[in-house]
Amino acid sequence: MKINIKIILVFLCFAACKQVQNLSDKFTKPSGKQVIESIFKDDDTLSKKFEDVYEQAKNNNLELALPSVIYTKSDSLNFSILSYKIFLEKGERLKIETNIDSDSLQFAADIYSVLNDTLVSKKPIVSNEASLNHLNFEVFKTGYYKIVMFSEFTKKVDFNISVYTEPVFLFPVAGKGNKDIQSYWGAVRSGGKRKHEGIDIFAKRGTPVIASVDGFVATAKNSGLGGKQIWLKSGLFGKTLYYAHLDSITTSAGTYVKLGDTLGFVGNTGNAKGASPHLHFGIYNSSGAINPLAFVKKSDLPYSKEEKVFKNGITKLTKNELRIGSGVAYKKLETFTENTPITILGKIDNWFHIKYADNIEGFMHESLVAENI
């Protein structure tokens with residue numbers, strides 16, 4: 001079947017217009033932070049205090065493992081700002097969600113890029129829109145990022161924040177998941193002459209292979225090492241997805257397919273003849289092949305519950321360790337003595353995110369902390 005050029009041009013034009021609209025929206029819609037700042041814009045003292053607390057939080061050295069749920073409380077008397085360094089991979093989508101409605105309490109989330117433990121720019125690379133108490137961020141570069149999160153400070157409300165990732169693309173074999181990936185990017189092939197440029201997902205012959213993204217089928221053929229194969233193009237500036245060793249193909253070149261549509265079925269054609277049936281899945285951009293794992297690897301979802309945290313705490317033991325993350329594997333920052341007054345900013349699992357003397361932050365296990373009534 002010949003490729004329908006008119007349909008492709010319409011699709012590309014639509015994609016380009018949508019990207020322009022998205023850029024326009026970024027410049028016109030206020031962020032959550034901007035809305036919160038406007039509440040006290042006429043009070044120079046409060047405005048300066050907020051700026052100082054924000055900058056201090058933004059430049060702390062605390063780390064957050066994903067997925068995590070942070071239990072916290074908005075405070076009408078103090079600026080409680082949560083900030084953590086996280087590691088993200090290209091192909092993931094970071095999701096920051098709260099259990100509060102923007103009509104009842106404004107939430108703000110900013111993301112900064114980090115290089116060598118230093119923020120790359122003074123301005124965030126992305127922020128949540130004021131009308132949305134959540135933020136989705138598609139990772140464009142593997143590395144470390146800094147997230148800064150807080151709510152408005154006009155009232156006291158208990159709430160939680162879920163921070164986790166999800167793959168940008170749908171897993172390409174129906175009913176399968178991470179445990180079915182048995183060969184990874186970079187594995188030696190042909191006696192060391194080349195390396196594996198994709199992942200292999202093993203499944204029974206005839207298991208449906210599905211479109212991981214909306215797009216146009218650029219190629220559908222039986223040829224070479226890949227045997228029965230499909231090349232799926234995603235968007236105007238998107239990537240090309242490669243499906244190889246299929247037992248049979250159910251689509252054709254020039255076809256527009258939607259997320260989840262069946263493209264073919266798992267097999268062992270091409271140079272996989274004689275091997276167990278599997279799908280070789282690859283992703284290509286203008287520079288060549290890239291590791292597809294993060295784009296489809298399924299992530300754990302956070303589990304949230306009803307939990308309230310108190311704001312004023314005090315250390316319980318003779319020695320109370322403070323760490324940069326919520327676990328004993330994280331680096332120890334320092335040790336507090338008994339009866340040291342601390343402020344609780346949040347809680348993750350069994351660890352309190354605490355602040356001491358307005359400038360020291362860290363995590364302390366709940367067994368070391370009591371409420372200071």
# chains A, B, ... in the order shown; residues from 1 in each chain; ligands from 1

call {"tool": "select_by_dssp", "arguments": {"residues": "segment 103-320 of chain A", "states": "alpha helix (DSSP H)", "output": "list in words"}}
result
Leu293, Ala294, Phe295 and Val296 of chain A

call {"tool": "residues_around", "arguments": {"residues": "segment 71-81 of chain A", "least_positions_apart": "4", "cutoff": "8 Å", "atoms": "only C-alpha atoms", "output": "ChimeraX atom specification"}}
result
/A:50,53-54,57,148-161,307-309,311,345-348

call {"tool": "atom_distance", "arguments": {"atom1": "atom CA of Glu197 of chain A", "atom2": "atom CA of Tyr145 of chain A"}}
result
27.1 Å

call {"tool": "atom_distance", "arguments": {"atom1": "atom CA of Arg323 of chain A", "atom2": "atom CA of Ile111 of chain A"}}
result
22.6 Å

call {"tool": "closest_atom_pairs", "arguments": {"of": "segment 38-114 of chain A", "to": "segment 168-173 of chain A", "cutoff": "10 Å", "atoms": "only C-alpha atoms", "output": "CSV"}}
result
residue,atom,partner,partner_atom,distance
A:Lys90,CA,A:Val168,CA,9.1
A:Gly91,CA,A:Val168,CA,5.6
A:Glu92,CA,A:Val168,CA,5.5
A:Arg93,CA,A:Val168,CA,5.8
A:Leu94,CA,A:Val168,CA,9.5

call {"tool": "write_last_selection", "arguments": {"atoms": "C-alpha atoms", "output": "tab-separated table (two decimals), in the first residue's frame"}}
result
chain	number	residue	atom	x	y	z
A	90	LYS	CA	14.95	10.04	29.41
A	91	GLY	CA	11.84	8.11	28.46
A	92	GLU	CA	10.17	8.59	31.84
A	93	ARG	CA	7.39	10.98	32.75
A	94	LEU	CA	7.61	12.46	36.24

call {"tool": "closest_residue", "arguments": {"among": "A:Thr337, A:Asn350, A:Thr318, A:Asn133", "to": "Leu105 of chain A", "atoms": "only C-alpha atoms"}}
result
A:Asn133

call {"tool": "closest_residue", "arguments": {"among": "A:Ala244, A:Ile210, A:Ile125, A:Val369", "to": "Asn222 of chain A", "atoms": "only C-alpha atoms"}}
result
A:Ala244

call {"tool": "select_by_dssp", "arguments": {"residues": "segment 142-226 of chain A", "states": "strand (DSSP E)", "output": "PyMOL selection string"}}
result
chain A and resi 143-151+157-167+181-183+188-189+194-195+199-202+208-210+215-223

call {"tool": "closest_atom_pairs", "arguments": {"of": "segment 124-210 of chain A", "to": "segment 263-286 of chain A", "cutoff": "6 Å", "atoms": "only C-alpha atoms", "output": "Markdown table"}}
result
| residue | atom | partner | partner_atom | distance |
| --- | --- | --- | --- | --- |
| A:Gly198 | CA | A:Gly282 | CA | 4.4 |
| A:Ile199 | CA | A:Phe281 | CA | 5.5 |
| A:Asp200 | CA | A:His280 | CA | 4.6 |
| A:Ile201 | CA | A:Leu279 | CA | 5.1 |
| A:Phe202 | CA | A:His278 | CA | 4.2 |
| A:Ala203 | CA | A:His278 | CA | 5.6 |
| A:Arg205 | CA | A:Val266 | CA | 5.1 |
| A:Gly206 | CA | A:Phe265 | CA | 4.8 |
| A:Thr207 | CA | A:Val266 | CA | 5.3 |
| A:Pro208 | CA | A:Phe265 | CA | 4.6 |
| A:Val209 | CA | A:Phe265 | CA | 5.2 |
| A:Ile210 | CA | A:Leu263 | CA | 5.4 |

call {"tool": "closest_residue", "arguments": {"among": "A:Lys58, A:Pro341, A:Gln182, A:Gly288", "to": "Lys122 of chain A", "atoms": "only C-alpha atoms"}}
result
A:Lys58
